[in-house]
Structure formats: structure tokens, C-alpha cells
Amino acid sequence: MKKLMFALAAASALPLFSAAPAQVPAPVDLDTVTPITGTWSYRAISGGSESGFIGAAATVRLKMRCNRGARTVSIIRTDVPAAAPSLTIWTSTLSRSVPARFLATKELVADMPATDPLLDAIAFSRGRLATAAAGAPMVAVPAWPEIDRVIEDCRS
């Protein structure tokens, strides 16, 4: 009888757990993903620093921004057509969906503490990193030192 009660309790809890958003995205083999063409830039901004990946069409596709006062790093996708609850980030060693907010400028922003291990994975990713959001395709970009500078700016 106790086994049956436990089984019923466990079964009734399943919908609660299955409705929760997945924190670990499906794996992506970054060795086989072709990064988009473009270059990274770095600049100091009021209160921190920012790096931006400028694609072949001369538009910024991805940004990383340090808010030194809050000690947060924001990863910003600039080409997202509509709000999405999270931004999924893949590196060669770690992947995760990060809660995000959608701005009127059609940017999806995921904020993380400067000490987040995902930022270390981004800094040490072998060759590239990728992001995606609901309604926006995956974009893979090369991992250049400009990314590391922004992360370190927020940690020092």
C-alpha cells in the first residue's frame, strides 16, 4: 500500500517538474558549427566596458557588456525579433539557458554575476561560442580576447 501511495504521489508531481524550463540545453558540437563572419571590437563605456561582434553585414550581432558597479556581465543578442524567456549559451565545456529580458531595441539581454562559471567557460571556449533564443536562430561567433577583457573588467 505504501508503495502504491508513493507511486501515485510521484506520478502526480510529474506535471510540476515537466513544466519547469530546462536549464541544460541540448548539446551542440561547436567543432562542427560554422561561426558567422565578422570581427570583435572592444571599448570602454561609462561604468564598464563592452565588446561587440560585428557581422559581415556591418551590424552588431552579439555584445558583451560589463557593468562594473553591479559586477555583472550582460550577454546581448541584437537580432531577436520578439521576447524570449531565456538566452541559451553554448561553449566547448559548458552550456546553459540564462533568464533574459527583452528591450524595446529588440535586444535580448541575459545578465550574470561576474563570478558565474559560465563566463569562465565563455572565456576559455575553444574557438567559438554560440547563442540562441526562442524565435531566433543559433548564432555561433569566434571567441576572441575582447570577450575576456570585458569579463576581467568586471572582476577587477
# chains A, B, ... in the order shown; residues from 1 in each chain; ligands from 1
call {"tool": "residues_around", "arguments": {"residues": "Arg68 of chain A", "least_positions_apart": "5", "cutoff": "12 Å", "atoms": "only C-alpha atoms", "output": "ChimeraX atom specification"}}
result
/A:44-50,73-74,113-114,150-156
call {"tool": "select_by_dssp", "arguments": {"residues": "segment 41-92 of chain A", "states": "strand (DSSP E)", "output": "PyMOL selection string"}}
result
chain A and resi 41-45+48-55+60-67+72-77+86-90
call {"tool": "residues_around", "arguments": {"residues": "Pro27 of chain A", "least_positions_apart": "4", "cutoff": "10 Å", "atoms": "only C-alpha atoms", "output": "mmCIF file with N, CA, C and O atoms, in the first residue's frame"}}
result
data_model
loop_
_atom_site.group_PDB
_atom_site.id
_atom_site.type_symbol
_atom_site.label_atom_id
_atom_site.label_comp_id
_atom_site.auth_asym_id
_atom_site.auth_seq_id
_atom_site.Cartn_x
_atom_site.Cartn_y
_atom_site.Cartn_z
ATOM 1 N N TRP A 90 26.095 28.252 -25.515
ATOM 2 C CA TRP A 90 26.912 27.045 -25.630
ATOM 3 C C TRP A 90 28.373 27.438 -25.692
ATOM 4 O O TRP A 90 28.743 28.361 -26.426
ATOM 5 N N THR A 91 29.221 26.715 -24.959
ATOM 6 C CA THR A 91 30.672 26.839 -25.072
ATOM 7 C C THR A 91 31.213 25.431 -25.272
ATOM 8 O O THR A 91 30.455 24.456 -25.252
ATOM 9 N N SER A 92 32.513 25.307 -25.406
ATOM 10 C CA SER A 92 33.089 23.977 -25.613
ATOM 11 C C SER A 92 33.030 23.114 -24.354
ATOM 12 O O SER A 92 33.150 21.898 -24.442
ATOM 13 N N LEU A 94 30.708 24.063 -21.359
ATOM 14 C CA LEU A 94 29.527 24.290 -20.532
ATOM 15 C C LEU A 94 28.444 24.963 -21.366
ATOM 16 O O LEU A 94 28.743 25.820 -22.202
ATOM 17 N N SER A 95 27.203 24.571 -21.115
ATOM 18 C CA SER A 95 26.066 25.184 -21.804
ATOM 19 C C SER A 95 24.952 25.402 -20.796
ATOM 20 O O SER A 95 24.766 24.607 -19.886
ATOM 21 N N ARG A 96 24.211 26.500 -21.004
ATOM 22 C CA ARG A 96 23.119 26.778 -20.071
ATOM 23 C C ARG A 96 22.161 27.798 -20.678
ATOM 24 O O ARG A 96 22.563 28.654 -21.461
#
call {"tool": "select_by_dssp", "arguments": {"residues": "chain A", "states": "helix (DSSP H, G or I)", "output": "number ranges by chain"}}
result
A: 2-18, 117-123, 145-155
call {"tool": "write_last_selection", "arguments": {"atoms": "N, CA and C atoms", "output": "compact mmCIF listing (two decimals), in the first residue's frame"}}
result
# COMPACT_ATOMS: atom_id res chain seq x y z
N LYS A 2 1.95 1.24 0.83
CA LYS A 2 2.83 2.40 0.88
C LYS A 2 3.49 2.64 -0.48
N LYS A 3 3.87 1.55 -1.18
CA LYS A 3 4.48 1.69 -2.50
C LYS A 3 3.52 2.33 -3.47
N LEU A 4 2.25 1.93 -3.43
CA LEU A 4 1.23 2.49 -4.31
C LEU A 4 1.03 3.97 -4.02
N MET A 5 0.98 4.35 -2.75
CA MET A 5 0.80 5.76 -2.38
C MET A 5 1.99 6.59 -2.86
N PHE A 6 3.20 6.03 -2.71
CA PHE A 6 4.40 6.73 -3.17
C PHE A 6 4.37 6.90 -4.69
N ALA A 7 3.98 5.83 -5.39
CA ALA A 7 3.92 5.89 -6.85
C ALA A 7 2.90 6.92 -7.30
N LEU A 8 1.75 6.97 -6.65
CA LEU A 8 0.72 7.96 -7.01
C LEU A 8 1.21 9.38 -6.73
N ALA A 9 1.87 9.57 -5.59
CA ALA A 9 2.39 10.90 -5.26
C ALA A 9 3.45 11.32 -6.27
N ALA A 10 4.33 10.41 -6.63
CA ALA A 10 5.38 10.72 -7.60
C ALA A 10 4.77 11.03 -8.96
N ALA A 11 3.79 10.26 -9.38
CA ALA A 11 3.16 10.48 -10.68
C ALA A 11 2.43 11.81 -10.71
N SER A 12 1.80 12.19 -9.61
CA SER A 12 1.07 13.46 -9.61
C SER A 12 2.02 14.65 -9.61
N ALA A 13 3.25 14.45 -9.17
CA ALA A 13 4.23 15.55 -9.16
C ALA A 13 4.89 15.74 -10.52
N LEU A 14 4.82 14.76 -11.39
CA LEU A 14 5.49 14.86 -12.69
C LEU A 14 5.10 16.09 -13.49
N PRO A 15 3.82 16.45 -13.60
CA PRO A 15 3.49 17.65 -14.37
C PRO A 15 4.15 18.91 -13.81
N LEU A 16 4.35 18.98 -12.49
CA LEU A 16 5.00 20.14 -11.92
C LEU A 16 6.44 20.26 -12.40
N PHE A 17 7.14 19.13 -12.44
CA PHE A 17 8.53 19.16 -12.84
C PHE A 17 8.69 19.30 -14.35
N SER A 18 7.82 18.70 -15.12
CA SER A 18 7.97 18.78 -16.57
C SER A 18 7.63 20.17 -17.11
N PRO A 117 30.37 30.76 -13.39
CA PRO A 117 31.26 29.84 -14.10
C PRO A 117 31.02 29.79 -15.62
N LEU A 118 29.82 30.16 -16.06
CA LEU A 118 29.57 30.18 -17.50
C LEU A 118 30.46 31.21 -18.19
N LEU A 119 30.78 32.29 -17.50
CA LEU A 119 31.67 33.30 -18.09
C LEU A 119 33.08 32.75 -18.25
N ASP A 120 33.53 31.92 -17.30
CA ASP A 120 34.83 31.26 -17.46
C ASP A 120 34.81 30.35 -18.67
N ALA A 121 33.72 29.62 -18.83
CA ALA A 121 33.60 28.72 -19.98
C ALA A 121 33.60 29.50 -21.29
N ILE A 122 32.98 30.67 -21.30
CA ILE A 122 33.00 31.52 -22.50
C ILE A 122 34.43 31.99 -22.77
N ALA A 123 35.12 32.45 -21.74
CA ALA A 123 36.48 32.97 -21.90
C ALA A 123 37.44 31.90 -22.40
N PRO A 145 39.88 37.59 -27.76
CA PRO A 145 40.28 38.17 -26.48
C PRO A 145 39.39 39.33 -26.00
N GLU A 146 38.69 39.99 -26.89
CA GLU A 146 37.81 41.10 -26.48
C GLU A 146 36.75 40.63 -25.49
N ILE A 147 36.30 39.40 -25.61
CA ILE A 147 35.33 38.83 -24.68
C ILE A 147 35.97 38.73 -23.29
N ASP A 148 37.17 38.19 -23.24
CA ASP A 148 37.87 38.01 -21.97
C ASP A 148 38.10 39.35 -21.26
N ARG A 149 38.41 40.38 -22.03
CA ARG A 149 38.66 41.70 -21.44
C ARG A 149 37.44 42.22 -20.70
N VAL A 150 36.26 42.04 -21.29
CA VAL A 150 35.03 42.51 -20.65
C VAL A 150 34.80 41.75 -19.34
N ILE A 151 34.99 40.45 -19.37
CA ILE A 151 34.79 39.64 -18.17
C ILE A 151 35.78 40.06 -17.08
N GLU A 152 37.03 40.21 -17.44
CA GLU A 152 38.05 40.61 -16.46
C GLU A 152 37.80 42.02 -15.92
N ASP A 153 37.29 42.92 -16.76
CA ASP A 153 36.97 44.27 -16.31
C ASP A 153 35.97 44.23 -15.15
N CYS A 154 35.04 43.30 -15.19
CA CYS A 154 34.03 43.22 -14.15
C CYS A 154 34.51 42.49 -12.91
N ARG A 155 35.58 41.77 -13.04
CA ARG A 155 36.11 41.01 -11.90
C ARG A 155 37.19 41.78 -11.15
call {"tool": "residues_around", "arguments": {"residues": "Arg128 of chain A", "least_positions_apart": "4", "cutoff": "8 Å", "atoms": "only C-alpha atoms", "output": "compact mmCIF listing (two decimals) with N, CA, C and O atoms, in the first residue's frame"}}
result
# COMPACT_ATOMS: atom_id res chain seq x y z
N LEU A 30 30.30 22.32 -31.05
CA LEU A 30 30.82 23.56 -31.60
C LEU A 30 31.95 23.35 -32.61
O LEU A 30 32.27 24.24 -33.38
N PRO A 35 31.10 29.35 -37.50
CA PRO A 35 30.79 30.69 -36.98
C PRO A 35 30.50 31.67 -38.10
O PRO A 35 30.99 31.50 -39.22
N THR A 91 29.22 26.71 -24.96
CA THR A 91 30.67 26.84 -25.07
C THR A 91 31.21 25.43 -25.27
O THR A 91 30.45 24.46 -25.25
N SER A 92 32.51 25.31 -25.41
CA SER A 92 33.09 23.98 -25.61
C SER A 92 33.03 23.11 -24.35
O SER A 92 33.15 21.90 -24.44
N ALA A 140 26.67 31.33 -33.99
CA ALA A 140 27.99 30.98 -33.46
C ALA A 140 28.97 32.05 -33.89
O ALA A 140 28.96 32.49 -35.04
N VAL A 141 29.80 32.49 -32.94
CA VAL A 141 30.81 33.51 -33.22
C VAL A 141 32.16 33.01 -32.73
O VAL A 141 32.23 32.18 -31.81
N PRO A 142 33.23 33.50 -33.32
CA PRO A 142 34.56 33.11 -32.82
C PRO A 142 34.80 33.72 -31.45
O PRO A 142 34.29 34.80 -31.14
N ALA A 143 35.55 33.02 -30.61
CA ALA A 143 35.90 33.52 -29.28
C ALA A 143 37.23 34.25 -29.37
O ALA A 143 38.26 33.63 -29.60
call {"tool": "atom_distance", "arguments": {"atom1": "atom CA of Thr37 of chain A", "atom2": "atom CA of Ala57 of chain A"}}
result
9.2 Å
call {"tool": "closest_residue", "arguments": {"among": "A:Thr39, A:Leu103, A:Ser125, A:Thr72", "to": "Thr59 of chain A", "atoms": "only C-alpha atoms"}}
result
A:Thr39
call {"tool": "atom_distance", "arguments": {"atom1": "atom CA of Phe102 of chain A", "atom2": "atom CA of Asp29 of chain A"}}
result
27.5 Å
call {"tool": "closest_residue", "arguments": {"among": "A:Thr93, A:Thr88, A:Thr78, A:Thr131", "to": "Gly52 of chain A", "atoms": "only C-alpha atoms"}}
result
A:Thr78
call {"tool": "closest_residue", "arguments": {"among": "A:Val98, A:Ile36, A:Ile76, A:Leu129", "to": "Gly55 of chain A", "atoms": "only C-alpha atoms"}}
result
A:Ile36
call {"tool": "residues_around", "arguments": {"residues": "Pro99 of chain A", "least_positions_apart": "2", "cutoff": "8 Å", "atoms": "only C-alpha atoms", "output": "PyMOL selection string"}}
result
chain A and resi 85-87+97+101+110-111
call {"tool": "write_last_selection", "arguments": {"atoms": "all heavy atoms", "output": "mmCIF file, in the first residue's frame"}}
result
data_model
loop_
_atom_site.group_PDB
_atom_site.id
_atom_site.type_symbol
_atom_site.label_atom_id
_atom_site.label_comp_id
_atom_site.auth_asym_id
_atom_site.auth_seq_id
_atom_site.Cartn_x
_atom_site.Cartn_y
_atom_site.Cartn_z
ATOM 1 N N PRO A 85 12.040 34.034 -23.047
ATOM 2 C CA PRO A 85 12.299 33.951 -21.601
ATOM 3 C C PRO A 85 13.764 33.732 -21.239
ATOM 4 O O PRO A 85 14.161 34.000 -20.114
ATOM 5 C CB PRO A 85 11.454 32.762 -21.155
ATOM 6 C CG PRO A 85 11.327 31.921 -22.381
ATOM 7 C CD PRO A 85 11.315 32.874 -23.534
ATOM 8 N N SER A 86 14.550 33.247 -22.193
ATOM 9 C CA SER A 86 15.948 32.952 -21.870
ATOM 10 C C SER A 86 16.820 33.033 -23.111
ATOM 11 O O SER A 86 16.331 32.996 -24.235
ATOM 12 C CB SER A 86 16.071 31.567 -21.238
ATOM 13 O OG SER A 86 15.654 30.576 -22.157
ATOM 14 N N LEU A 87 18.108 33.129 -22.862
ATOM 15 C CA LEU A 87 19.120 33.074 -23.898
ATOM 16 C C LEU A 87 19.939 31.825 -23.617
ATOM 17 O O LEU A 87 20.447 31.660 -22.512
ATOM 18 C CB LEU A 87 20.011 34.318 -23.856
ATOM 19 C CG LEU A 87 21.116 34.409 -24.900
ATOM 20 C CD1 LEU A 87 20.521 34.529 -26.311
ATOM 21 C CD2 LEU A 87 22.023 35.594 -24.615
ATOM 22 N N SER A 97 20.898 27.696 -20.277
ATOM 23 C CA SER A 97 19.917 28.721 -20.613
ATOM 24 C C SER A 97 19.881 29.707 -19.456
ATOM 25 O O SER A 97 19.746 29.311 -18.297
ATOM 26 C CB SER A 97 18.538 28.096 -20.829
ATOM 27 O OG SER A 97 18.548 27.307 -21.982
ATOM 28 N N ARG A 101 15.833 39.298 -20.509
ATOM 29 C CA ARG A 101 14.804 40.344 -20.634
ATOM 30 C C ARG A 101 14.906 40.927 -22.037
ATOM 31 O O ARG A 101 15.985 40.982 -22.619
ATOM 32 C CB ARG A 101 14.977 41.410 -19.560
ATOM 33 C CG ARG A 101 16.325 42.057 -19.541
ATOM 34 C CD ARG A 101 16.543 42.867 -18.238
ATOM 35 N NE ARG A 101 17.938 43.152 -18.049
ATOM 36 C CZ ARG A 101 18.580 44.199 -18.540
ATOM 37 N NH1 ARG A 101 17.928 45.109 -19.257
ATOM 38 N NH2 ARG A 101 19.859 44.373 -18.323
ATOM 39 N N ALA A 110 20.821 38.857 -21.269
ATOM 40 C CA ALA A 110 20.994 37.897 -20.179
ATOM 41 C C ALA A 110 22.081 38.446 -19.261
ATOM 42 O O ALA A 110 23.216 38.630 -19.686
ATOM 43 C CB ALA A 110 21.388 36.526 -20.723
ATOM 44 N N ASP A 111 21.711 38.730 -18.011
ATOM 45 C CA ASP A 111 22.648 39.278 -17.031
ATOM 46 C C ASP A 111 23.142 38.165 -16.119
ATOM 47 O O ASP A 111 22.347 37.337 -15.653
ATOM 48 C CB ASP A 111 21.974 40.347 -16.178
ATOM 49 C CG ASP A 111 21.471 41.514 -16.999
ATOM 50 O OD1 ASP A 111 22.242 42.034 -17.823
ATOM 51 O OD2 ASP A 111 20.296 41.907 -16.821
#
call {"tool": "closest_residue", "arguments": {"among": "A:Val33, A:Ala82, A:Met112, A:Ile54", "to": "Asn67 of chain A", "atoms": "only C-alpha atoms"}}
result
A:Met112
call {"tool": "closest_residue", "arguments": {"among": "A:Arg77, A:Trp144, A:Met138, A:Gly127", "to": "Trp40 of chain A", "atoms": "only C-alpha atoms"}}
result
A:Trp144
